[in-house]
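query_16.cif (mmCIF, C-alpha atoms)
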data_my_file
#
loop_
_atom_site.group_PDB
_atom_site.id
_atom_site.type_symbol
_atom_site.label_atom_id
_atom_site.label_comp_id
_atom_site.auth_asym_id
_atom_site.auth_seq_id
_atom_site.Cartn_x
_atom_site.Cartn_y
_atom_site.Cartn_z
ATOM 1 C CA MET A 1 -2.217 18.651 -13.106
ATOM 2 C CA GLU A 2 -2.936 14.962 -13.304
ATOM 3 C CA VAL A 3 -5.592 13.690 -10.899
ATOM 4 C CA LEU A 4 -5.631 9.950 -10.173
ATOM 5 C CA TYR A 5 -8.336 7.858 -8.527
ATOM 6 C CA PHE A 6 -7.955 4.397 -7.010
ATOM 7 C CA ALA A 7 -10.181 1.582 -5.733
ATOM 8 C CA TRP A 8 -13.808 2.612 -5.004
ATOM 9 C CA VAL A 9 -13.004 6.282 -5.656
ATOM 10 C CA ARG A 10 -12.057 5.272 -9.224
ATOM 11 C CA GLU A 11 -15.225 3.195 -9.522
ATOM 12 C CA ARG A 12 -17.512 5.987 -8.314
ATOM 13 C CA ILE A 13 -15.965 8.614 -10.559
ATOM 14 C CA GLY A 14 -15.720 6.151 -13.429
ATOM 15 C CA ILE A 15 -12.195 6.965 -14.651
ATOM 16 C CA PRO A 16 -8.695 6.172 -13.330
ATOM 17 C CA LYS A 17 -7.169 9.580 -14.142
ATOM 18 C CA GLU A 18 -7.767 12.928 -15.773
ATOM 19 C CA THR A 19 -6.039 16.226 -16.412
ATOM 20 C CA VAL A 20 -7.537 19.054 -14.368
ATOM 21 C CA GLN A 21 -6.981 22.798 -14.688
ATOM 22 C CA THR A 22 -7.452 24.360 -11.297
ATOM 23 C CA SER A 23 -6.712 27.563 -9.454
ATOM 24 C CA ALA A 24 -7.471 25.971 -6.069
ATOM 25 C CA ALA A 25 -4.847 26.719 -3.438
ATOM 26 C CA THR A 26 -5.263 23.509 -1.446
ATOM 27 C CA VAL A 27 -6.421 19.910 -1.871
ATOM 28 C CA ALA A 28 -9.657 20.813 -0.072
ATOM 29 C CA GLY A 29 -10.250 23.585 -2.626
ATOM 30 C CA LEU A 30 -9.703 21.150 -5.494
ATOM 31 C CA VAL A 31 -12.154 18.713 -3.902
ATOM 32 C CA GLU A 32 -14.804 21.450 -3.737
ATOM 33 C CA GLU A 33 -14.270 22.241 -7.437
ATOM 34 C CA LEU A 34 -14.587 18.579 -8.384
ATOM 35 C CA LYS A 35 -17.712 18.070 -6.240
ATOM 36 C CA ALA A 36 -19.374 21.022 -7.970
ATOM 37 C CA ARG A 37 -18.896 19.357 -11.368
ATOM 38 C CA GLU A 38 -21.149 16.298 -11.278
ATOM 39 C CA GLU A 39 -23.023 13.931 -9.020
ATOM 40 C CA ARG A 40 -20.403 11.169 -9.373
ATOM 41 C CA TYR A 41 -17.722 13.425 -7.853
ATOM 42 C CA GLU A 42 -20.116 14.442 -5.083
ATOM 43 C CA ALA A 43 -20.636 10.719 -4.370
ATOM 44 C CA ALA A 44 -16.907 9.977 -4.321
ATOM 45 C CA PHE A 45 -15.972 12.899 -2.069
ATOM 46 C CA ALA A 46 -19.008 12.853 0.243
ATOM 47 C CA ASP A 47 -16.983 11.761 3.292
ATOM 48 C CA LEU A 48 -13.402 13.041 3.315
ATOM 49 C CA SER A 49 -12.639 11.128 6.510
ATOM 50 C CA ALA A 50 -12.954 7.955 4.391
ATOM 51 C CA LEU A 51 -10.368 9.236 1.903
ATOM 52 C CA ARG A 52 -6.629 9.714 1.712
ATOM 53 C CA VAL A 53 -4.685 12.001 -0.604
ATOM 54 C CA ALA A 54 -1.166 11.919 -2.034
ATOM 55 C CA LEU A 55 0.613 14.838 -3.729
ATOM 56 C CA ASP A 56 3.370 13.804 -6.133
ATOM 57 C CA GLN A 57 3.213 10.308 -4.613
ATOM 58 C CA GLU A 58 3.654 11.449 -0.994
ATOM 59 C CA LEU A 59 0.839 10.927 1.492
ATOM 60 C CA THR A 60 -0.434 14.236 2.882
ATOM 61 C CA ASP A 61 -3.668 15.825 4.135
ATOM 62 C CA PHE A 62 -6.500 17.873 2.680
ATOM 63 C CA ASP A 63 -5.099 21.196 3.908
ATOM 64 C CA ALA A 64 -1.916 20.739 1.873
ATOM 65 C CA PRO A 65 -1.105 23.453 -0.721
ATOM 66 C CA LEU A 66 -1.190 22.552 -4.422
ATOM 67 C CA ASP A 67 1.533 24.984 -5.412
ATOM 68 C CA GLY A 68 3.909 23.281 -7.858
ATOM 69 C CA VAL A 69 2.144 19.914 -7.571
ATOM 70 C CA ARG A 70 1.972 17.807 -10.757
ATOM 71 C CA GLU A 71 0.098 14.720 -9.553
ATOM 72 C CA VAL A 72 -2.764 14.406 -7.075
ATOM 73 C CA ALA A 73 -4.163 11.015 -6.085
ATOM 74 C CA PHE A 74 -7.334 10.239 -4.136
ATOM 75 C CA PHE A 75 -7.968 6.817 -2.626
ATOM 76 C CA PRO A 76 -9.484 4.989 0.358
ATOM 77 C CA PRO A 77 -7.331 3.923 3.332
ATOM 78 C CA MET A 78 -4.763 1.427 2.100
ATOM 79 C CA THR A 79 -5.059 -2.313 2.624
ATOM 80 C CA GLY A 80 -1.667 -3.788 1.847
ATOM 81 C CA GLY A 81 0.121 -6.699 3.454
ATOM 82 C CA MET B 1 17.714 -3.798 0.002
ATOM 83 C CA LYS B 2 15.402 -5.360 -2.547
ATOM 84 C CA ILE B 3 11.856 -4.105 -3.187
ATOM 85 C CA VAL B 4 9.746 -5.959 -5.744
ATOM 86 C CA VAL B 5 6.171 -5.115 -6.760
ATOM 87 C CA GLN B 6 4.927 -7.614 -9.321
ATOM 88 C CA ASP B 7 1.918 -9.188 -10.994
ATOM 89 C CA ALA B 8 3.615 -12.569 -11.311
ATOM 90 C CA PRO B 9 3.486 -15.284 -8.640
ATOM 91 C CA PHE B 10 6.579 -15.915 -6.511
ATOM 92 C CA ALA B 11 7.849 -18.797 -4.383
ATOM 93 C CA PRO B 12 8.645 -17.585 -0.830
ATOM 94 C CA GLY B 13 10.967 -20.550 -0.164
ATOM 95 C CA GLU B 14 13.152 -19.807 -3.174
ATOM 96 C CA GLU B 15 13.251 -16.113 -2.279
ATOM 97 C CA VAL B 16 14.371 -16.878 1.281
ATOM 98 C CA GLU B 17 17.036 -19.233 -0.044
ATOM 99 C CA ALA B 18 18.406 -16.537 -2.363
ATOM 100 C CA PHE B 19 18.146 -13.838 0.331
ATOM 101 C CA SER B 20 20.047 -15.966 2.852
ATOM 102 C CA HIS B 21 23.081 -16.432 0.615
ATOM 103 C CA GLY B 22 26.213 -14.411 1.188
ATOM 104 C CA HIS B 23 25.245 -12.846 4.523
ATOM 105 C CA THR B 24 28.257 -14.104 6.451
ATOM 106 C CA GLU B 25 27.973 -11.370 9.096
ATOM 107 C CA MET B 26 24.302 -12.035 9.801
ATOM 108 C CA GLY B 27 23.248 -14.352 12.614
ATOM 109 C CA ALA B 28 19.499 -14.091 12.017
ATOM 110 C CA ILE B 29 17.079 -14.192 9.099
ATOM 111 C CA VAL B 30 13.383 -13.568 9.853
ATOM 112 C CA THR B 31 10.777 -14.050 7.136
ATOM 113 C CA PHE B 32 7.038 -13.526 6.929
ATOM 114 C CA SER B 33 4.792 -14.657 4.069
ATOM 115 C CA GLY B 34 1.209 -13.440 3.720
ATOM 116 C CA LEU B 35 -1.211 -15.762 1.896
ATOM 117 C CA VAL B 36 -4.710 -15.221 0.503
ATOM 118 C CA ARG B 37 -7.108 -16.568 3.142
ATOM 119 C CA GLY B 38 -10.041 -18.272 1.462
ATOM 120 C CA ASP B 39 -12.644 -17.785 4.171
ATOM 121 C CA GLY B 40 -16.251 -16.655 3.727
ATOM 122 C CA GLY B 41 -16.513 -18.240 0.277
ATOM 123 C CA LEU B 42 -13.729 -16.113 -1.207
ATOM 124 C CA THR B 43 -12.871 -17.229 -4.726
ATOM 125 C CA ARG B 44 -10.351 -14.587 -5.733
ATOM 126 C CA LEU B 45 -8.713 -11.364 -4.687
ATOM 127 C CA GLU B 46 -7.947 -8.420 -6.982
ATOM 128 C CA ILE B 47 -5.171 -6.172 -5.719
ATOM 129 C CA GLU B 48 -4.868 -2.672 -7.152
ATOM 130 C CA HIS B 49 -1.862 -0.443 -6.499
ATOM 131 C CA TYR B 50 -0.420 2.954 -7.364
ATOM 132 C CA PRO B 51 2.554 2.324 -9.687
ATOM 133 C CA GLY B 52 5.421 4.607 -8.760
ATOM 134 C CA MET B 53 4.160 5.548 -5.318
ATOM 135 C CA THR B 54 4.041 1.892 -4.243
ATOM 136 C CA GLU B 55 7.768 1.359 -4.731
ATOM 137 C CA ARG B 56 8.610 4.743 -3.162
ATOM 138 C CA ALA B 57 6.422 4.113 -0.119
ATOM 139 C CA ILE B 58 7.830 0.623 0.487
ATOM 140 C CA ARG B 59 11.397 1.879 0.062
ATOM 141 C CA ALA B 60 10.751 4.657 2.597
ATOM 142 C CA ILE B 61 9.357 2.120 5.097
ATOM 143 C CA ALA B 62 12.348 -0.194 4.569
ATOM 144 C CA GLU B 63 14.786 2.706 4.985
ATOM 145 C CA GLU B 64 13.055 3.659 8.226
ATOM 146 C CA ALA B 65 13.481 0.051 9.435
ATOM 147 C CA GLN B 66 17.188 0.172 8.557
ATOM 148 C CA ALA B 67 17.550 3.429 10.488
ATOM 149 C CA ARG B 68 15.868 1.998 13.591
ATOM 150 C CA TRP B 69 17.403 -1.467 13.782
ATOM 151 C CA SER B 70 20.780 -2.980 13.067
ATOM 152 C CA LEU B 71 20.011 -4.765 9.792
ATOM 153 C CA GLY B 72 22.215 -6.241 7.123
ATOM 154 C CA ASP B 73 19.532 -6.492 4.458
ATOM 155 C CA VAL B 74 15.797 -6.159 3.786
ATOM 156 C CA LEU B 75 13.604 -7.861 1.189
ATOM 157 C CA VAL B 76 9.991 -6.932 0.397
ATOM 158 C CA ILE B 77 7.950 -8.609 -2.343
ATOM 159 C CA HIS B 78 4.305 -7.622 -2.881
ATOM 160 C CA ARG B 79 1.987 -8.836 -5.616
ATOM 161 C CA TYR B 80 -0.879 -7.076 -7.344
ATOM 162 C CA GLY B 81 -3.470 -8.356 -9.839
ATOM 163 C CA THR B 82 -5.525 -11.532 -9.486
ATOM 164 C CA LEU B 83 -4.793 -13.951 -6.644
ATOM 165 C CA LYS B 84 -6.461 -17.162 -5.491
ATOM 166 C CA PRO B 85 -6.857 -18.603 -1.967
ATOM 167 C CA GLY B 86 -3.537 -20.019 -0.782
ATOM 168 C CA ASN B 87 -1.430 -17.828 -3.105
ATOM 169 C CA PRO B 88 1.373 -15.845 -1.481
ATOM 170 C CA ILE B 89 0.441 -12.122 -1.599
ATOM 171 C CA MET B 90 3.611 -10.722 -0.126
ATOM 172 C CA MET B 91 6.661 -11.464 1.945
ATOM 173 C CA VAL B 92 9.234 -9.621 3.993
ATOM 174 C CA ALA B 93 12.642 -10.868 5.054
ATOM 175 C CA THR B 94 15.150 -9.190 7.341
ATOM 176 C CA ALA B 95 18.753 -10.143 7.946
ATOM 177 C CA ALA B 96 20.457 -8.920 11.122
ATOM 178 C CA PRO B 97 23.428 -9.824 13.289
ATOM 179 C CA HIS B 98 20.994 -10.696 16.105
ATOM 180 C CA ARG B 99 17.451 -12.064 16.122
ATOM 181 C CA LYS B 100 15.761 -9.292 18.129
ATOM 182 C CA ASP B 101 16.507 -6.716 15.431
ATOM 183 C CA ALA B 102 15.410 -9.095 12.682
ATOM 184 C CA PHE B 103 12.091 -9.933 14.408
ATOM 185 C CA GLU B 104 11.215 -6.366 15.380
ATOM 186 C CA ALA B 105 12.107 -4.923 11.987
ATOM 187 C CA ALA B 106 9.993 -7.578 10.224
ATOM 188 C CA GLU B 107 7.000 -6.719 12.435
ATOM 189 C CA PHE B 108 7.521 -3.009 11.825
ATOM 190 C CA LEU B 109 7.645 -3.600 8.060
ATOM 191 C CA MET B 110 4.428 -5.629 8.177
ATOM 192 C CA ASP B 111 2.573 -3.054 10.275
ATOM 193 C CA TYR B 112 3.534 -0.213 7.932
ATOM 194 C CA LEU B 113 2.975 -2.133 4.693
ATOM 195 C CA LYS B 114 -0.557 -2.856 5.880
ATOM 196 C CA SER B 115 -1.670 0.778 6.012
ATOM 197 C CA ARG B 116 1.049 2.942 4.398
ATOM 198 C CA ALA B 117 1.735 1.137 1.123
ATOM 199 C CA PRO B 118 -0.811 2.058 -1.589
ATOM 200 C CA PHE B 119 -2.516 -1.286 -2.209
ATOM 201 C CA TRP B 120 -6.253 -1.932 -2.198
ATOM 202 C CA LYS B 121 -7.832 -5.374 -2.049
ATOM 203 C CA LYS B 122 -11.159 -6.357 -3.554
ATOM 204 C CA GLU B 123 -12.705 -9.684 -2.602
ATOM 205 C CA TYR B 124 -14.791 -11.766 -4.998
ATOM 206 C CA GLY B 125 -16.875 -14.626 -3.672
ATOM 207 C CA ALA B 126 -20.270 -16.027 -2.788
ATOM 208 C CA LYS B 127 -21.506 -12.581 -1.661
ATOM 209 C CA GLY B 128 -20.405 -10.827 -4.833
ATOM 210 C CA GLU B 129 -17.592 -8.302 -4.791
ATOM 211 C CA GLU B 130 -16.468 -6.029 -2.001
ATOM 212 C CA TRP B 131 -13.515 -3.720 -1.259
ATOM 213 C CA VAL B 132 -11.655 -4.738 1.875
ATOM 214 C CA ALA B 133 -12.046 -1.971 4.465
ATOM 215 C CA ALA B 134 -9.039 -0.819 6.468
ATOM 216 C CA LYS B 135 -9.247 -1.842 10.115
ATOM 217 C CA ASP B 136 -8.871 0.602 13.007
ATOM 218 C CA ALA B 137 -6.592 -1.995 14.615
ATOM 219 C CA ASP B 138 -4.178 -1.732 11.674
ATOM 220 C CA GLU B 139 -3.878 2.026 12.150
ATOM 221 C CA ALA B 140 -3.564 1.589 15.927
ATOM 222 C CA ALA B 141 -0.751 -0.937 15.391
ATOM 223 C CA LEU B 142 1.465 1.886 14.093
ATOM 224 C CA THR B 143 1.357 3.749 17.402
ATOM 225 C CA ARG B 144 3.484 1.104 19.134
ATOM 226 C CA TRP B 145 6.441 2.073 16.951
#
What do you get writing this file as structure tokens?
Amino acid sequence: MEVLYFAWVRERIGIPKETVQTSAATVAGLVEELKAREERYEAAFADLSALRVALDQELTDFDAPLDGVREVAFFPPMTGG
Amino acid sequence: MKIVVQDAPFAPGEEVEAFSHGHTEMGAIVTFSGLVRGDGGLTRLEIEHYPGMTERAIRAIAEEAQARWSLGDVLVIHRYGTLKPGNPIMMVATAAPHRKDAFEAAEFLMDYLKSRAPFWKKEYGAKGEEWVAAKDADEAALTRW
């Protein structure tokens, strides 16, 4: 699946997107896999309450299943308007 | 319904003029324009967004407004990229038979665009650069709807 990062999450991880092979069942499982990779992921995902997640461009939560999902995006709370 | 997400500047007055044409059944047009506020030594704003999701999210918010109020038309324009103090960032316009629907729907659109449309603002100025943090009050504003 494609994993996208925005705003300071993108800055901490250092890339805007990447293709990830995962067997994680939920978003939270994917986050744990990413955090185990490198320090920069650990830094980006240190506080999940400061993050939001979208699956296939729909806002959801960290318990959501990844079954059939093609695009995951992580970002801070939005500041539009 | 017209949803526009663009890098280019826009002129709110011209947009309102165009939006107001041809709505012979509408008694009220309400518009709101948001500008870059140059306080605290701000020199520019960089707005990042999530192409694809941005348009979908705004459309969903506008459709919700149309379901809740009696509206003839809705316009949302939101910029991304580099903006300077005084530049229009975004605008909403609502057309309705009566003003109460137009006012309430415009406020609803603004409240939801603030924290449910995937934009992120970064401020550049005297203090360096800093991501704008979401405010608790913006999230709380959604509960009144």
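Of the listed residues A:Ala43, A:Met78, A:Leu59, A:Val3, the one whose atoms come nearest to Leu30 in chain A is A:Val3, with distances taken using all atoms listed in the file.
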Return as a ChimeraX atom specification the residues belonging to chain A that are within 9 Å of chain B, counting only C-alpha atoms.
/A:6-8,54,56-59,73,75-81
Please write as a list of chain:residue names the list of polymer residues whose atoms come within 12 Å of (-10.0, 17.9, -16.4), counting all atoms listed in the file and keeping to the coordinates of the file.
A:Met1, A:Glu2, A:Val3, A:Leu4, A:Ile15, A:Lys17, A:Glu18, A:Thr19, A:Val20, A:Gln21, A:Thr22, A:Leu30, A:Glu33, A:Leu34, A:Arg37
Residue IDs satisfying the PyMOL selection byres ((chain B and resi 69) around 8), as number ranges by chain:
B: 65-68, 70-71, 101-102, 105
Provide an axis-aligned box for all listed atoms of range 118-125 of chain B, padding each side by 8 Å; report its centre and its edge lengths in Å to one decimal, as lines of an AutoDock Vina configuration file.
center_x = -8.8
center_y = -6.3
center_z = -3.3
size_x = 32.1
size_y = 32.7
size_z = 19.4
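Proximity ranking of B:Glu123, B:Asp7, B:Glu25, B:Glu55 relative to Asp73 in chain B places B:Glu25 first, based on all atoms listed in the file.
Distances to Leu142 in chain B were evaluated for B:Ala18, B:Ile61, B:Ala126, B:Ala96 using all atoms listed in the file, and the minimum falls at B:Ile61.
Candidate residues B:Tyr124, B:Thr24, B:Glu64, B:Asn87 were compared for distance to Trp145 in chain B, and the nearest is B:Glu64, using only C-alpha atoms.
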Exercise: Gly68 in chain A partners within 12 Å, all atoms listed in the file, chain neighbours under 4 positions left out, as a compact mmCIF listing (two decimals) with C-alpha atoms, in the coordinates of the input:
# COMPACT_ATOMS: atom_id res chain seq x y z
CA MET A 1 -2.22 18.65 -13.11
CA THR A 22 -7.45 24.36 -11.30
CA SER A 23 -6.71 27.56 -9.45
CA ALA A 24 -7.47 25.97 -6.07
CA ALA A 25 -4.85 26.72 -3.44
CA THR A 26 -5.26 23.51 -1.45
CA LEU A 55 0.61 14.84 -3.73
CA ASP A 56 3.37 13.80 -6.13
CA ALA A 64 -1.92 20.74 1.87
CA VAL A 72 -2.76 14.41 -7.08
Separation of CA of Phe19 in chain B from CA of His98 in chain B in Å:
16.3 Å
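Counting all atoms listed in the file and comparing B:Ala62, B:Arg37, B:Val74, B:Met1, the residue that lies closest to Ala95 in chain B is B:Val74.
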So what do you get for CA of Glu63 in chain B versus CA of Glu107 in chain B, distance-wise?
14.3 Å
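From CA of Glu14 in chain B back to CA of Pro88 in chain B, the distance works out to 12.5 Å.
Applied to the shown file, the PyMOL selection byres ((chain B and resi 103) around 9) selects the residues Ala28, Ile29, Val30, Thr31, Thr94, Arg99, Lys100, Asp101, Ala102, Glu104, Ala105, Ala106, Glu107 and Phe108 of chain B.
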Between B:Ala8, B:Ala93, B:Met26, B:Ala137, which is the closest to Gly81 in chain B once you count all atoms listed in the file?
B:Ala8
Taking N, CA and C atoms as the atom set, what does range 38-72 of chain A look like once completed, written as a PDB file, in the frame of the given file?
ATOM      1  N   GLU A  38     -20.141  17.305 -10.959  1.00  0.00           N
ATOM      2  CA  GLU A  38     -21.149  16.298 -11.278  1.00  0.00           C
ATOM      3  C   GLU A  38     -21.438  15.451 -10.045  1.00  0.00           C
ATOM      4  N   GLU A  39     -22.567  14.781 -10.124  1.00  0.00           N
ATOM      5  CA  GLU A  39     -23.023  13.931  -9.020  1.00  0.00           C
ATOM      6  C   GLU A  39     -22.000  12.850  -8.646  1.00  0.00           C
ATOM      7  N   ARG A  40     -21.334  12.270  -9.662  1.00  0.00           N
ATOM      8  CA  ARG A  40     -20.403  11.169  -9.373  1.00  0.00           C
ATOM      9  C   ARG A  40     -19.217  11.643  -8.524  1.00  0.00           C
ATOM     10  N   TYR A  41     -18.807  12.892  -8.693  1.00  0.00           N
ATOM     11  CA  TYR A  41     -17.722  13.425  -7.853  1.00  0.00           C
ATOM     12  C   TYR A  41     -18.242  13.681  -6.446  1.00  0.00           C
ATOM     13  N   GLU A  42     -19.450  14.212  -6.374  1.00  0.00           N
ATOM     14  CA  GLU A  42     -20.116  14.442  -5.083  1.00  0.00           C
ATOM     15  C   GLU A  42     -20.178  13.122  -4.306  1.00  0.00           C
ATOM     16  N   ALA A  43     -20.523  12.039  -5.011  1.00  0.00           N
ATOM     17  CA  ALA A  43     -20.636  10.719  -4.370  1.00  0.00           C
ATOM     18  C   ALA A  43     -19.272  10.226  -3.886  1.00  0.00           C
ATOM     19  N   ALA A  44     -18.242  10.473  -4.683  1.00  0.00           N
ATOM     20  CA  ALA A  44     -16.907   9.977  -4.321  1.00  0.00           C
ATOM     21  C   ALA A  44     -16.316  10.745  -3.147  1.00  0.00           C
ATOM     22  N   PHE A  45     -16.605  12.053  -3.087  1.00  0.00           N
ATOM     23  CA  PHE A  45     -15.972  12.899  -2.069  1.00  0.00           C
ATOM     24  C   PHE A  45     -16.912  13.260  -0.918  1.00  0.00           C
ATOM     25  N   ALA A  46     -18.007  12.516  -0.774  1.00  0.00           N
ATOM     26  CA  ALA A  46     -19.008  12.853   0.243  1.00  0.00           C
ATOM     27  C   ALA A  46     -18.419  12.844   1.655  1.00  0.00           C
ATOM     28  N   ASP A  47     -17.544  11.877   1.941  1.00  0.00           N
ATOM     29  CA  ASP A  47     -16.983  11.761   3.292  1.00  0.00           C
ATOM     30  C   ASP A  47     -15.452  11.759   3.215  1.00  0.00           C
ATOM     31  N   LEU A  48     -14.865  12.926   3.452  1.00  0.00           N
ATOM     32  CA  LEU A  48     -13.402  13.041   3.315  1.00  0.00           C
ATOM     33  C   LEU A  48     -12.650  12.232   4.369  1.00  0.00           C
ATOM     34  N   SER A  49     -13.321  11.919   5.484  1.00  0.00           N
ATOM     35  CA  SER A  49     -12.639  11.128   6.510  1.00  0.00           C
ATOM     36  C   SER A  49     -12.398   9.703   6.020  1.00  0.00           C
ATOM     37  N   ALA A  50     -13.127   9.292   4.963  1.00  0.00           N
ATOM     38  CA  ALA A  50     -12.954   7.955   4.391  1.00  0.00           C
ATOM     39  C   ALA A  50     -11.942   7.960   3.252  1.00  0.00           C
ATOM     40  N   LEU A  51     -11.299   9.105   3.024  1.00  0.00           N
ATOM     41  CA  LEU A  51     -10.368   9.236   1.903  1.00  0.00           C
ATOM     42  C   LEU A  51      -8.972   9.632   2.351  1.00  0.00           C
ATOM     43  N   ARG A  52      -8.015   9.287   1.517  1.00  0.00           N
ATOM     44  CA  ARG A  52      -6.629   9.714   1.712  1.00  0.00           C
ATOM     45  C   ARG A  52      -6.200  10.425   0.436  1.00  0.00           C
ATOM     46  N   VAL A  53      -5.170  11.277   0.572  1.00  0.00           N
ATOM     47  CA  VAL A  53      -4.685  12.001  -0.604  1.00  0.00           C
ATOM     48  C   VAL A  53      -3.160  11.962  -0.638  1.00  0.00           C
ATOM     49  N   ALA A  54      -2.614  11.837  -1.845  1.00  0.00           N
ATOM     50  CA  ALA A  54      -1.166  11.919  -2.034  1.00  0.00           C
ATOM     51  C   ALA A  54      -0.880  13.012  -3.055  1.00  0.00           C
ATOM     52  N   LEU A  55       0.151  13.824  -2.785  1.00  0.00           N
ATOM     53  CA  LEU A  55       0.613  14.838  -3.729  1.00  0.00           C
ATOM     54  C   LEU A  55       1.991  14.414  -4.225  1.00  0.00           C
ATOM     55  N   ASP A  56       2.124  14.293  -5.540  1.00  0.00           N
ATOM     56  CA  ASP A  56       3.370  13.804  -6.133  1.00  0.00           C
ATOM     57  C   ASP A  56       3.877  12.552  -5.405  1.00  0.00           C
ATOM     58  N   GLN A  57       2.950  11.645  -5.154  1.00  0.00           N
ATOM     59  CA  GLN A  57       3.213  10.308  -4.613  1.00  0.00           C
ATOM     60  C   GLN A  57       3.662  10.301  -3.152  1.00  0.00           C
ATOM     61  N   GLU A  58       3.387  11.410  -2.434  1.00  0.00           N
ATOM     62  CA  GLU A  58       3.654  11.449  -0.994  1.00  0.00           C
ATOM     63  C   GLU A  58       2.339  11.666  -0.272  1.00  0.00           C
ATOM     64  N   LEU A  59       2.061  10.805   0.710  1.00  0.00           N
ATOM     65  CA  LEU A  59       0.839  10.927   1.492  1.00  0.00           C
ATOM     66  C   LEU A  59       0.816  12.271   2.221  1.00  0.00           C
ATOM     67  N   THR A  60      -0.340  12.949   2.198  1.00  0.00           N
ATOM     68  CA  THR A  60      -0.434  14.236   2.882  1.00  0.00           C
ATOM     69  C   THR A  60      -1.866  14.407   3.398  1.00  0.00           C
ATOM     70  N   ASP A  61      -2.292  15.640   3.679  1.00  0.00           N
ATOM     71  CA  ASP A  61      -3.668  15.825   4.135  1.00  0.00           C
ATOM     72  C   ASP A  61      -4.379  16.865   3.277  1.00  0.00           C
ATOM     73  N   PHE A  62      -5.667  17.056   3.568  1.00  0.00           N
ATOM     74  CA  PHE A  62      -6.500  17.873   2.680  1.00  0.00           C
ATOM     75  C   PHE A  62      -6.226  19.374   2.777  1.00  0.00           C
ATOM     76  N   ASP A  63      -5.464  19.784   3.793  1.00  0.00           N
ATOM     77  CA  ASP A  63      -5.099  21.196   3.908  1.00  0.00           C
ATOM     78  C   ASP A  63      -3.853  21.538   3.102  1.00  0.00           C
ATOM     79  N   ALA A  64      -3.210  20.521   2.537  1.00  0.00           N
ATOM     80  CA  ALA A  64      -1.916  20.739   1.873  1.00  0.00           C
ATOM     81  C   ALA A  64      -2.056  21.647   0.651  1.00  0.00           C
ATOM     82  N   PRO A  65      -1.075  22.563   0.451  1.00  0.00           N
ATOM     83  CA  PRO A  65      -1.105  23.453  -0.721  1.00  0.00           C
ATOM     84  C   PRO A  65      -0.786  22.716  -2.019  1.00  0.00           C
ATOM     85  N   LEU A  66      -1.380  23.194  -3.119  1.00  0.00           N
ATOM     86  CA  LEU A  66      -1.190  22.552  -4.422  1.00  0.00           C
ATOM     87  C   LEU A  66      -0.099  23.218  -5.254  1.00  0.00           C
ATOM     88  N   ASP A  67       0.517  24.226  -4.690  1.00  0.00           N
ATOM     89  CA  ASP A  67       1.533  24.984  -5.412  1.00  0.00           C
ATOM     90  C   ASP A  67       2.648  24.076  -5.947  1.00  0.00           C
ATOM     91  N   GLY A  68       2.835  24.064  -7.250  1.00  0.00           N
ATOM     92  CA  GLY A  68       3.909  23.281  -7.858  1.00  0.00           C
ATOM     93  C   GLY A  68       3.640  21.796  -7.983  1.00  0.00           C
ATOM     94  N   VAL A  69       2.461  21.346  -7.536  1.00  0.00           N
ATOM     95  CA  VAL A  69       2.144  19.914  -7.571  1.00  0.00           C
ATOM     96  C   VAL A  69       1.761  19.477  -8.984  1.00  0.00           C
ATOM     97  N   ARG A  70       2.287  18.317  -9.420  1.00  0.00           N
ATOM     98  CA  ARG A  70       1.972  17.807 -10.757  1.00  0.00           C
ATOM     99  C   ARG A  70       0.966  16.657 -10.737  1.00  0.00           C
ATOM    100  N   GLU A  71       0.945  15.914  -9.606  1.00  0.00           N
ATOM    101  CA  GLU A  71       0.098  14.720  -9.553  1.00  0.00           C
ATOM    102  C   GLU A  71      -0.615  14.629  -8.207  1.00  0.00           C
ATOM    103  N   VAL A  72      -1.939  14.559  -8.278  1.00  0.00           N
ATOM    104  CA  VAL A  72      -2.764  14.406  -7.075  1.00  0.00           C
ATOM    105  C   VAL A  72      -3.460  13.055  -7.166  1.00  0.00           C
TER     106      VAL A  72
END
